[in-house]
file data-v8.pdb (PDB, C-alpha atoms)
ATOM      1  CA  MET A 829      14.391   4.616  12.392  1.00  0.00           C
ATOM      2  CA  LYS A 830      12.897   1.143  12.470  1.00  0.00           C
ATOM      3  CA  THR A 831      12.089  -0.490   9.147  1.00  0.00           C
ATOM      4  CA  ILE A 832       9.357  -2.851   7.937  1.00  0.00           C
ATOM      5  CA  GLY A 833      10.099  -4.656   4.674  1.00  0.00           C
ATOM      6  CA  LEU A 834       7.381  -5.585   2.189  1.00  0.00           C
ATOM      7  CA  VAL A 835       7.869  -8.175  -0.556  1.00  0.00           C
ATOM      8  CA  VAL A 836       5.173  -8.144  -3.254  1.00  0.00           C
ATOM      9  CA  ALA A 837       5.193 -10.064  -6.537  1.00  0.00           C
ATOM     10  CA  MET A 838       3.716  -7.607  -9.049  1.00  0.00           C
ATOM     11  CA  THR A 839       3.420  -3.878  -9.650  1.00  0.00           C
ATOM     12  CA  LYS A 840      -0.385  -4.101  -9.764  1.00  0.00           C
ATOM     13  CA  GLU A 841      -0.269  -5.584  -6.266  1.00  0.00           C
ATOM     14  CA  ILE A 842       2.225  -3.147  -4.756  1.00  0.00           C
ATOM     15  CA  MET A 843       0.897   0.124  -6.223  1.00  0.00           C
ATOM     16  CA  PRO A 844      -2.523   0.039  -4.476  1.00  0.00           C
ATOM     17  CA  PHE A 845      -0.665  -0.169  -1.151  1.00  0.00           C
ATOM     18  CA  LEU A 846       1.571   2.784  -2.016  1.00  0.00           C
ATOM     19  CA  GLU A 847      -1.355   4.834  -3.336  1.00  0.00           C
ATOM     20  CA  ARG A 848      -3.086   4.480   0.037  1.00  0.00           C
ATOM     21  CA  GLN A 849      -0.266   6.264   1.843  1.00  0.00           C
ATOM     22  CA  SER A 850      -0.955   9.861   2.886  1.00  0.00           C
ATOM     23  CA  GLY A 851       2.728  10.835   2.932  1.00  0.00           C
ATOM     24  CA  SER A 852       5.279  10.953   0.144  1.00  0.00           C
ATOM     25  CA  VAL A 853       6.453   7.794  -1.612  1.00  0.00           C
ATOM     26  CA  GLU A 854      10.036   7.650  -2.882  1.00  0.00           C
ATOM     27  CA  LYS A 855      11.266   5.332  -5.595  1.00  0.00           C
ATOM     28  CA  LEU A 856      14.594   3.998  -4.370  1.00  0.00           C
ATOM     29  CA  SER A 857      15.647   1.714  -7.189  1.00  0.00           C
ATOM     30  CA  ASP A 858      14.736  -0.035 -10.437  1.00  0.00           C
ATOM     31  CA  PHE A 859      17.559  -2.576 -10.197  1.00  0.00           C
ATOM     32  CA  PRO A 860      17.987  -5.282  -9.110  1.00  0.00           C
ATOM     33  CA  PHE A 861      14.401  -4.875  -7.906  1.00  0.00           C
ATOM     34  CA  GLU A 862      11.831  -2.111  -8.182  1.00  0.00           C
ATOM     35  CA  THR A 863      11.931  -0.606  -4.689  1.00  0.00           C
ATOM     36  CA  TYR A 864       9.897   2.103  -2.949  1.00  0.00           C
ATOM     37  CA  ALA A 865       9.941   3.729   0.488  1.00  0.00           C
ATOM     38  CA  CYS A 866       7.366   5.583   2.548  1.00  0.00           C
ATOM     39  CA  GLY A 867       6.790   6.421   6.204  1.00  0.00           C
ATOM     40  CA  ILE A 868       4.044   5.295   8.597  1.00  0.00           C
ATOM     41  CA  ASN A 869       3.892   6.398  12.246  1.00  0.00           C
ATOM     42  CA  GLY A 870       7.583   7.288  12.277  1.00  0.00           C
ATOM     43  CA  LYS A 871       8.656   3.959  10.794  1.00  0.00           C
ATOM     44  CA  LYS A 872      10.249   3.397   7.386  1.00  0.00           C
ATOM     45  CA  ILE A 873       8.427   1.064   4.994  1.00  0.00           C
ATOM     46  CA  VAL A 874      10.519  -0.382   2.170  1.00  0.00           C
ATOM     47  CA  CYS A 875       8.536  -2.157  -0.556  1.00  0.00           C
ATOM     48  CA  VAL A 876      10.246  -4.466  -3.049  1.00  0.00           C
ATOM     49  CA  LYS A 877       8.564  -5.856  -6.156  1.00  0.00           C
ATOM     50  CA  SER A 878       9.992  -9.346  -6.502  1.00  0.00           C
ATOM     51  CA  GLY A 879       8.432 -10.706  -9.661  1.00  0.00           C
ATOM     52  CA  VAL A 880       6.508 -13.985  -9.836  1.00  0.00           C
ATOM     53  CA  GLY A 881       7.888 -17.246  -8.433  1.00  0.00           C
ATOM     54  CA  GLU A 882       9.922 -18.629  -5.558  1.00  0.00           C
ATOM     55  CA  VAL A 883      13.403 -17.767  -6.888  1.00  0.00           C
ATOM     56  CA  PHE A 884      12.545 -14.120  -7.490  1.00  0.00           C
ATOM     57  CA  ALA A 885      10.764 -13.955  -4.128  1.00  0.00           C
ATOM     58  CA  ALA A 886      13.752 -15.397  -2.268  1.00  0.00           C
ATOM     59  CA  ALA A 887      16.211 -13.111  -4.066  1.00  0.00           C
ATOM     60  CA  ALA A 888      14.091 -10.010  -3.411  1.00  0.00           C
ATOM     61  CA  THR A 889      13.725 -10.926   0.261  1.00  0.00           C
ATOM     62  CA  GLN A 890      17.476 -11.373   0.691  1.00  0.00           C
ATOM     63  CA  TYR A 891      18.107  -8.074  -1.132  1.00  0.00           C
ATOM     64  CA  LEU A 892      15.675  -6.327   1.203  1.00  0.00           C
ATOM     65  CA  ILE A 893      17.264  -7.858   4.302  1.00  0.00           C
ATOM     66  CA  THR A 894      20.864  -7.191   3.212  1.00  0.00           C
ATOM     67  CA  LYS A 895      20.366  -3.616   2.024  1.00  0.00           C
ATOM     68  CA  TYR A 896      17.693  -2.262   4.392  1.00  0.00           C
ATOM     69  CA  SER A 897      17.872  -4.452   7.569  1.00  0.00           C
ATOM     70  CA  PRO A 898      14.121  -4.592   8.306  1.00  0.00           C
ATOM     71  CA  GLU A 899      12.849  -5.605  11.740  1.00  0.00           C
ATOM     72  CA  ILE A 900      10.123  -7.700  10.096  1.00  0.00           C
ATOM     73  CA  ILE A 901       9.214  -8.915   6.598  1.00  0.00           C
ATOM     74  CA  VAL A 902       5.625  -8.765   5.318  1.00  0.00           C
ATOM     75  CA  ASN A 903       4.548 -10.544   2.132  1.00  0.00           C
ATOM     76  CA  PHE A 904       1.113  -9.856   0.694  1.00  0.00           C
ATOM     77  CA  GLY A 905      -0.808 -10.393  -2.531  1.00  0.00           C
ATOM     78  CA  VAL A 906      -3.488 -12.588  -4.076  1.00  0.00           C
ATOM     79  CA  CYS A 907      -3.694 -16.370  -3.777  1.00  0.00           C
ATOM     80  CA  GLY A 908      -5.929 -19.204  -4.946  1.00  0.00           C
ATOM     81  CA  SER A 909      -8.410 -21.182  -2.866  1.00  0.00           C
ATOM     82  CA  LEU A 910      -8.056 -24.949  -2.447  1.00  0.00           C
ATOM     83  CA  THR A 911     -11.267 -25.644  -0.548  1.00  0.00           C
ATOM     84  CA  ASP A 912     -14.935 -24.702  -0.593  1.00  0.00           C
ATOM     85  CA  ASN A 913     -14.682 -24.276   3.170  1.00  0.00           C
ATOM     86  CA  PHE A 914     -12.412 -21.305   2.628  1.00  0.00           C
ATOM     87  CA  ASP A 915     -14.511 -18.581   1.047  1.00  0.00           C
ATOM     88  CA  THR A 916     -13.062 -16.581  -1.785  1.00  0.00           C
ATOM     89  CA  LYS A 917     -13.091 -12.799  -1.644  1.00  0.00           C
ATOM     90  CA  GLN A 918     -11.698 -12.817   1.895  1.00  0.00           C
ATOM     91  CA  ILE A 919      -8.361 -12.282   3.616  1.00  0.00           C
ATOM     92  CA  ALA A 920      -6.175 -15.048   5.006  1.00  0.00           C
ATOM     93  CA  ILE A 921      -3.256 -14.842   7.392  1.00  0.00           C
ATOM     94  CA  VAL A 922      -0.712 -17.565   6.627  1.00  0.00           C
ATOM     95  CA  GLY A 923       0.337 -19.505   9.705  1.00  0.00           C
ATOM     96  CA  GLY A 924       2.407 -22.055   7.821  1.00  0.00           C
ATOM     97  CA  VAL A 925       3.790 -22.699   4.353  1.00  0.00           C
ATOM     98  CA  ALA A 926       4.323 -26.022   2.579  1.00  0.00           C
ATOM     99  CA  TYR A 927       6.784 -25.830  -0.313  1.00  0.00           C
ATOM    100  CA  TYR A 928       5.066 -28.700  -2.091  1.00  0.00           C
ATOM    101  CA  GLN A 929       7.528 -29.002  -5.000  1.00  0.00           C
ATOM    102  CA  PHE A 930      10.564 -29.647  -2.791  1.00  0.00           C
ATOM    103  CA  ASP A 931      11.244 -33.397  -2.949  1.00  0.00           C
ATOM    104  CA  THR A 932      14.350 -35.328  -1.875  1.00  0.00           C
ATOM    105  CA  SER A 933      12.381 -38.407  -0.852  1.00  0.00           C
ATOM    106  CA  ALA A 934      14.086 -40.676  -3.402  1.00  0.00           C
ATOM    107  CA  ILE A 935      17.471 -40.292  -1.714  1.00  0.00           C
ATOM    108  CA  ASP A 936      16.707 -39.681   1.951  1.00  0.00           C
ATOM    109  CA  GLY A 937      13.171 -40.965   2.557  1.00  0.00           C
ATOM    110  CA  THR A 938      11.848 -37.682   3.936  1.00  0.00           C
ATOM    111  CA  LYS A 939       8.348 -36.515   3.131  1.00  0.00           C
ATOM    112  CA  VAL A 940       7.753 -34.401   0.052  1.00  0.00           C
ATOM    113  CA  GLY A 941       8.107 -30.766   1.103  1.00  0.00           C
ATOM    114  CA  GLN A 942      10.222 -31.439   4.200  1.00  0.00           C
ATOM    115  CA  TYR A 943      13.566 -29.712   4.541  1.00  0.00           C
ATOM    116  CA  THR A 944      16.468 -31.048   6.620  1.00  0.00           C
ATOM    117  CA  GLY A 945      16.116 -29.788  10.181  1.00  0.00           C
ATOM    118  CA  GLU A 946      12.366 -29.210   9.922  1.00  0.00           C
ATOM    119  CA  ASP A 947       9.953 -31.236  12.055  1.00  0.00           C
ATOM    120  CA  GLY A 948       7.437 -31.558   9.205  1.00  0.00           C
ATOM    121  CA  VAL A 949       6.441 -30.300   5.801  1.00  0.00           C
ATOM    122  CA  VAL A 950       4.780 -27.104   7.059  1.00  0.00           C
ATOM    123  CA  MET A 951       7.159 -24.250   7.924  1.00  0.00           C
ATOM    124  CA  SER A 952       5.670 -21.807  10.421  1.00  0.00           C
ATOM    125  CA  THR A 953       5.508 -18.066   9.969  1.00  0.00           C
ATOM    126  CA  ASP A 954       6.042 -15.896  13.043  1.00  0.00           C
ATOM    127  CA  LYS A 955       3.189 -16.833  15.398  1.00  0.00           C
ATOM    128  CA  ASN A 956       3.374 -13.568  17.328  1.00  0.00           C
ATOM    129  CA  LEU A 957       3.073 -11.477  14.156  1.00  0.00           C
ATOM    130  CA  ALA A 958       0.223 -13.646  12.859  1.00  0.00           C
ATOM    131  CA  GLU A 959      -1.745 -13.205  16.076  1.00  0.00           C
ATOM    132  CA  ARG A 960      -1.028  -9.471  16.195  1.00  0.00           C
ATOM    133  CA  ALA A 961      -2.212  -9.128  12.591  1.00  0.00           C
ATOM    134  CA  ARG A 962      -5.350 -11.097  13.385  1.00  0.00           C
ATOM    135  CA  LYS A 963      -6.085  -8.822  16.329  1.00  0.00           C
ATOM    136  CA  ILE A 964      -5.549  -5.692  14.202  1.00  0.00           C
ATOM    137  CA  LEU A 965      -8.002  -7.059  11.627  1.00  0.00           C
ATOM    138  CA  GLY A 966     -10.705  -7.640  14.225  1.00  0.00           C
ATOM    139  CA  GLY A 967      -9.881 -11.092  15.578  1.00  0.00           C
ATOM    140  CA  LYS A 968     -11.794 -13.206  13.054  1.00  0.00           C
ATOM    141  CA  THR A 969      -9.455 -13.440  10.074  1.00  0.00           C
ATOM    142  CA  PRO A 970      -8.520 -17.128   9.579  1.00  0.00           C
ATOM    143  CA  ILE A 971      -4.938 -18.288  10.039  1.00  0.00           C
ATOM    144  CA  THR A 972      -4.265 -21.069   7.573  1.00  0.00           C
ATOM    145  CA  ILE A 973      -1.711 -23.172   5.690  1.00  0.00           C
ATOM    146  CA  CYS A 974      -0.525 -22.116   2.235  1.00  0.00           C
ATOM    147  CA  ALA A 975       0.797 -24.523  -0.402  1.00  0.00           C
ATOM    148  CA  SER A 976       3.514 -22.656  -2.271  1.00  0.00           C
ATOM    149  CA  GLY A 977       5.368 -23.640  -5.450  1.00  0.00           C
ATOM    150  CA  ASP A 978       6.431 -22.501  -8.912  1.00  0.00           C
ATOM    151  CA  LYS A 979       3.158 -23.508 -10.521  1.00  0.00           C
ATOM    152  CA  PHE A 980      -0.199 -21.846 -11.106  1.00  0.00           C
ATOM    153  CA  VAL A 981      -2.612 -24.433  -9.721  1.00  0.00           C
ATOM    154  CA  ALA A 982      -5.765 -24.734 -11.831  1.00  0.00           C
ATOM    155  CA  ASP A 983      -6.280 -28.505 -11.951  1.00  0.00           C
ATOM    156  CA  GLU A 984      -8.916 -29.747  -9.491  1.00  0.00           C
ATOM    157  CA  GLY A 985      -7.015 -32.978  -8.924  1.00  0.00           C
ATOM    158  CA  GLU A 986      -3.911 -31.051  -7.916  1.00  0.00           C
ATOM    159  CA  LYS A 987      -5.962 -28.851  -5.611  1.00  0.00           C
ATOM    160  CA  LYS A 988      -7.366 -31.969  -3.937  1.00  0.00           C
ATOM    161  CA  ARG A 989      -3.867 -33.426  -3.521  1.00  0.00           C
ATOM    162  CA  LEU A 990      -2.556 -30.237  -1.900  1.00  0.00           C
ATOM    163  CA  ARG A 991      -5.501 -30.238   0.508  1.00  0.00           C
ATOM    164  CA  GLU A 992      -5.080 -33.879   1.456  1.00  0.00           C
ATOM    165  CA  VAL A 993      -1.279 -34.095   1.632  1.00  0.00           C
ATOM    166  CA  PHE A 994      -0.455 -30.710   3.141  1.00  0.00           C
ATOM    167  CA  ASN A 995      -3.748 -29.700   4.797  1.00  0.00           C
ATOM    168  CA  ALA A 996      -3.481 -26.464   2.816  1.00  0.00           C
ATOM    169  CA  GLU A 997      -6.444 -24.199   2.130  1.00  0.00           C
ATOM    170  CA  ILE A 998      -4.778 -21.669  -0.184  1.00  0.00           C
ATOM    171  CA  CYS A 999      -1.982 -21.736  -2.765  1.00  0.00           C
ATOM    172  CA  GLU A1000       0.361 -19.304  -4.513  1.00  0.00           C
ATOM    173  CA  MET A1001       3.892 -18.915  -5.902  1.00  0.00           C
ATOM    174  CA  GLU A1002       6.061 -16.784  -3.569  1.00  0.00           C
ATOM    175  CA  SER A1003       5.467 -17.493   0.127  1.00  0.00           C
ATOM    176  CA  ALA A1004       7.997 -20.317   0.463  1.00  0.00           C
ATOM    177  CA  GLY A1005      10.812 -18.239  -1.008  1.00  0.00           C
ATOM    178  CA  VAL A1006      10.007 -15.288   1.243  1.00  0.00           C
ATOM    179  CA  LEU A1007       9.586 -17.348   4.406  1.00  0.00           C
ATOM    180  CA  ILE A1008      12.641 -19.571   3.990  1.00  0.00           C
ATOM    181  CA  THR A1009      14.886 -16.578   3.287  1.00  0.00           C
ATOM    182  CA  ALA A1010      13.512 -14.541   6.183  1.00  0.00           C
ATOM    183  CA  ARG A1011      13.854 -17.468   8.600  1.00  0.00           C
ATOM    184  CA  ASN A1012      17.453 -18.096   7.490  1.00  0.00           C
ATOM    185  CA  SER A1013      18.261 -14.483   8.427  1.00  0.00           C
ATOM    186  CA  ASN A1014      16.267 -14.647  11.682  1.00  0.00           C
ATOM    187  CA  VAL A1015      13.853 -11.955  10.506  1.00  0.00           C
ATOM    188  CA  PRO A1016      10.219 -12.494  11.638  1.00  0.00           C
ATOM    189  CA  CYS A1017       7.884 -13.015   8.683  1.00  0.00           C
ATOM    190  CA  LEU A1018       4.181 -12.238   8.267  1.00  0.00           C
ATOM    191  CA  ILE A1019       2.200 -13.339   5.193  1.00  0.00           C
ATOM    192  CA  ILE A1020      -1.242 -11.956   4.278  1.00  0.00           C
ATOM    193  CA  LYS A1021      -3.212 -13.043   1.203  1.00  0.00           C
ATOM    194  CA  GLY A1022      -6.431 -12.081  -0.540  1.00  0.00           C
ATOM    195  CA  VAL A1023      -8.222 -15.232  -1.712  1.00  0.00           C
ATOM    196  CA  SER A1024      -9.493 -15.564  -5.275  1.00  0.00           C
ATOM    197  CA  ASP A1025     -10.459 -18.700  -7.200  1.00  0.00           C
ATOM    198  CA  GLY A1026      -9.987 -16.922 -10.519  1.00  0.00           C
ATOM    199  CA  LYS A1027     -13.501 -17.719 -11.721  1.00  0.00           C
ATOM    200  CA  GLY A1028     -14.462 -14.058 -11.585  1.00  0.00           C
ATOM    201  CA  GLY A1029     -11.719 -13.166 -14.055  1.00  0.00           C
ATOM    202  CA  ALA A1030      -9.798  -9.909 -14.104  1.00  0.00           C
ATOM    203  CA  GLU A1031     -12.471  -7.931 -12.265  1.00  0.00           C
ATOM    204  CA  GLU A1032     -12.424 -10.298  -9.271  1.00  0.00           C
ATOM    205  CA  TYR A1033      -8.636 -10.400  -9.262  1.00  0.00           C
ATOM    206  CA  LEU A1034      -8.335  -6.611  -9.177  1.00  0.00           C
ATOM    207  CA  LYS A1035     -10.886  -6.435  -6.346  1.00  0.00           C
ATOM    208  CA  MET A1036      -8.809  -8.909  -4.359  1.00  0.00           C
ATOM    209  CA  VAL A1037      -5.628  -6.936  -5.090  1.00  0.00           C
ATOM    210  CA  SER A1038      -7.327  -3.851  -3.672  1.00  0.00           C
ATOM    211  CA  MET A1039      -8.648  -5.723  -0.626  1.00  0.00           C
ATOM    212  CA  ALA A1040      -5.289  -7.365   0.112  1.00  0.00           C
ATOM    213  CA  SER A1041      -3.615  -3.976  -0.200  1.00  0.00           C
ATOM    214  CA  GLU A1042      -6.140  -2.356   2.124  1.00  0.00           C
ATOM    215  CA  LYS A1043      -5.799  -5.032   4.792  1.00  0.00           C
ATOM    216  CA  CYS A1044      -2.019  -5.100   4.538  1.00  0.00           C
ATOM    217  CA  ALA A1045      -1.940  -1.318   4.971  1.00  0.00           C
ATOM    218  CA  GLU A1046      -4.173  -1.695   8.021  1.00  0.00           C
ATOM    219  CA  VAL A1047      -1.890  -4.338   9.529  1.00  0.00           C
ATOM    220  CA  VAL A1048       1.350  -2.497   8.725  1.00  0.00           C
ATOM    221  CA  THR A1049      -0.037   0.725  10.214  1.00  0.00           C
ATOM    222  CA  GLY A1050      -1.020  -1.174  13.356  1.00  0.00           C
ATOM    223  CA  LEU A1051       2.372  -2.864  13.609  1.00  0.00           C
ATOM    224  CA  CYS A1052       4.138   0.479  13.147  1.00  0.00           C
ATOM    225  CA  GLY A1053       2.305   1.727  16.209  1.00  0.00           C
ATOM    226  CA  GLU A1054       3.617  -1.222  18.218  1.00  0.00           C
ATOM    227  CA  LEU A1055       7.288  -1.398  17.113  1.00  0.00           C
TER     228      LEU A1055
END
call {"tool": "encode", "arguments": {"input": "data-v8.pdb", "output": "structure tokens"}}
result
Amino acid sequence: MKTIGLVVAMTKEIMPFLERQSGSVEKLSDFPFETYACGINGKKIVCVKSGVGEVFAAAATQYLITKYSPEIIVNFGVCGSLTDNFDTKQIAIVGGVAYYQFDTSAIDGTKVGQYTGEDGVVMSTDKNLAERARKILGGKTPITICASGDKFVADEGEKKRLREVFNAEICEMESAGVLITARNSNVPCLIIKGVSDGKGGAEEYLKMVSMASEKCAEVVTGLCGEL
């Protein structure tokens, strides 16, 4: 049976996805990561709750790959907006990730965020998966760049810097860890985010969790029909 792996930061982000499933959901493990499994269209879905931040996200992704050998990795959750041009309360498909806190420029002169062997600071997600997800969602969902790092970005000056330096429109704290780990294992990676600027407080956040979960379920169901 083919497997799709999901990496999600928090329980309140992963549970709405699981609660939408019509079939049974099995809890596989509490350690080293909270892990669940369900079935969609004859495919196995394994969901791992990583915890917040790049290190946890990378470790959870490698655990998922090593133990369950998924054909693809999907990361979803809620992110922040960096630009007024990118409306909040909508879904974004991540086409590229800039790990903006990675910096070896003092010793090798490379740009901030650029890893050895990369052509630039933005690391691409799987273009085929991104386009397939966009088609499943109706063809209008924007594909954008995400600035990812171990920092909750609230300062307007920092938001401006991330826009100008990395051309990013959204930001969060796990995508780089997920993407780098998946790429290193040659597993295609898809990232979907619900955009929230945080100004609406807990109520807005929970709405975006629900929306991100709904859209991820829609995409995963569609992908299961194609694998």
call {"tool": "residues_around", "arguments": {"input": "data-v8.pdb", "residues": "stretch 925-938 of chain A", "least_positions_apart": "3", "cutoff": "7 Å", "atoms": "all atoms listed in the file", "output": "list in words"}}
result
Gly941, Gln942, Val949, Val950, Met951, Ser952, Ile973, Cys974, Ala975, Ser976, Gly977, Phe994, Ser1003 and Ala1004 of chain A
call {"tool": "residues_around", "arguments": {"input": "data-v8.pdb", "residues": "A:Cys907", "least_positions_apart": "6", "cutoff": "9 Å", "atoms": "only C-alpha atoms", "output": "PDB file with C-alpha atoms, in the coordinates of the input"}}
result
ATOM      1  CA  CYS A 974      -0.525 -22.116   2.235  1.00  0.00           C
ATOM      2  CA  ILE A 998      -4.778 -21.669  -0.184  1.00  0.00           C
ATOM      3  CA  CYS A 999      -1.982 -21.736  -2.765  1.00  0.00           C
ATOM      4  CA  GLU A1000       0.361 -19.304  -4.513  1.00  0.00           C
ATOM      5  CA  MET A1001       3.892 -18.915  -5.902  1.00  0.00           C
ATOM      6  CA  LYS A1021      -3.212 -13.043   1.203  1.00  0.00           C
ATOM      7  CA  GLY A1022      -6.431 -12.081  -0.540  1.00  0.00           C
ATOM      8  CA  VAL A1023      -8.222 -15.232  -1.712  1.00  0.00           C
ATOM      9  CA  SER A1024      -9.493 -15.564  -5.275  1.00  0.00           C
ATOM     10  CA  ASP A1025     -10.459 -18.700  -7.200  1.00  0.00           C
TER      11      ASP A1025
END
call {"tool": "closest_residue", "arguments": {"input": "data-v8.pdb", "among": "A:Met829, A:Val874, A:Ala996, A:Ala886", "to": "A:Thr911", "atoms": "only C-alpha atoms"}}
result
A:Ala996
call {"tool": "atom_distance", "arguments": {"input": "data-v8.pdb", "atom1": "atom CA of A:Lys877", "atom2": "atom CA of A:Asp978"}}
result
17.0 Å
call {"tool": "resolve_selection", "arguments": {"input": "data-v8.pdb", "expression": "the PyMOL selection byres ((chain A and resi 917-921) around 7)", "output": "VMD selection string"}}
result
chain A and resid 915 to 916 922 to 923 958 969 to 972 1019 to 1024 1036 1040
call {"tool": "write_last_selection", "arguments": {"input": "data-v8.pdb", "atoms": "C-alpha atoms", "output": "mmCIF file, in the frame of the given file"}}
result
data_model
loop_
_atom_site.group_PDB
_atom_site.id
_atom_site.type_symbol
_atom_site.label_atom_id
_atom_site.label_comp_id
_atom_site.auth_asym_id
_atom_site.auth_seq_id
_atom_site.Cartn_x
_atom_site.Cartn_y
_atom_site.Cartn_z
ATOM 1 C CA ASP A 915 -14.511 -18.581 1.047
ATOM 2 C CA THR A 916 -13.062 -16.581 -1.785
ATOM 3 C CA VAL A 922 -0.712 -17.565 6.627
ATOM 4 C CA GLY A 923 0.337 -19.505 9.705
ATOM 5 C CA ALA A 958 0.223 -13.646 12.859
ATOM 6 C CA THR A 969 -9.455 -13.440 10.074
ATOM 7 C CA PRO A 970 -8.520 -17.128 9.579
ATOM 8 C CA ILE A 971 -4.938 -18.288 10.039
ATOM 9 C CA THR A 972 -4.265 -21.069 7.573
ATOM 10 C CA ILE A 1019 2.200 -13.339 5.193
ATOM 11 C CA ILE A 1020 -1.242 -11.956 4.278
ATOM 12 C CA LYS A 1021 -3.212 -13.043 1.203
ATOM 13 C CA GLY A 1022 -6.431 -12.081 -0.540
ATOM 14 C CA VAL A 1023 -8.222 -15.232 -1.712
ATOM 15 C CA SER A 1024 -9.493 -15.564 -5.275
ATOM 16 C CA MET A 1036 -8.809 -8.909 -4.359
ATOM 17 C CA ALA A 1040 -5.289 -7.365 0.112
#
call {"tool": "residues_around", "arguments": {"input": "data-v8.pdb", "residues": "A:Ile964", "least_positions_apart": "3", "cutoff": "7 Å", "atoms": "all atoms listed in the file", "output": "ChimeraX atom specification"}}
result
/A:960-961,1047,1050
call {"tool": "closest_residue", "arguments": {"input": "data-v8.pdb", "among": "A:Lys872, A:Ala865, A:Ile842, A:Asn1012", "to": "A:Pro898", "atoms": "only C-alpha atoms"}}
result
A:Lys872
call {"tool": "atom_distance", "arguments": {"input": "data-v8.pdb", "atom1": "atom CA of A:Leu834", "atom2": "atom CA of A:Val1015"}}
result
12.3 Å
call {"tool": "residues_around", "arguments": {"input": "data-v8.pdb", "residues": "A:Ala837", "least_positions_apart": "4", "cutoff": "9 Å", "atoms": "all atoms listed in the file", "output": "list in words"}}
result
Glu841, Ile842, Val876, Lys877, Ser878, Gly879, Val880, Gly881, Phe884, Ala885, Asn903, Phe904, Gly905, Met1001 and Glu1002 of chain A
call {"tool": "atom_distance", "arguments": {"input": "data-v8.pdb", "atom1": "atom CA of A:Ile832", "atom2": "atom CA of A:Val902"}}
result
7.5 Å
call {"tool": "resolve_selection", "arguments": {"input": "data-v8.pdb", "expression": "the PyMOL selection byres ((chain A and resi 982) around 12)", "output": "MDAnalysis selection string"}}
result
chainID A and resid 907:910 979:981 983:988 990 999:1000 1024:1027
call {"tool": "resolve_selection", "arguments": {"input": "data-v8.pdb", "expression": "the PyMOL selection byres ((chain A and resi 844-858) around 8)", "output": "count of residues only"}}
result
19
call {"tool": "closest_residue", "arguments": {"input": "data-v8.pdb", "among": "A:Leu892, A:Ile873, A:Lys830, A:Lys1035", "to": "A:Thr1009", "atoms": "only C-alpha atoms"}}
result
A:Leu892
call {"tool": "closest_residue", "arguments": {"input": "data-v8.pdb", "among": "A:Ser1013, A:Gly967, A:Arg991, A:Leu1018", "to": "A:Lys955", "atoms": "all atoms listed in the file"}}
result
A:Leu1018
call {"tool": "closest_residue", "arguments": {"input": "data-v8.pdb", "among": "A:Ala1010, A:Glu946, A:Lys968, A:Asn995", "to": "A:Thr894", "atoms": "all atoms listed in the file"}}
result
A:Ala1010
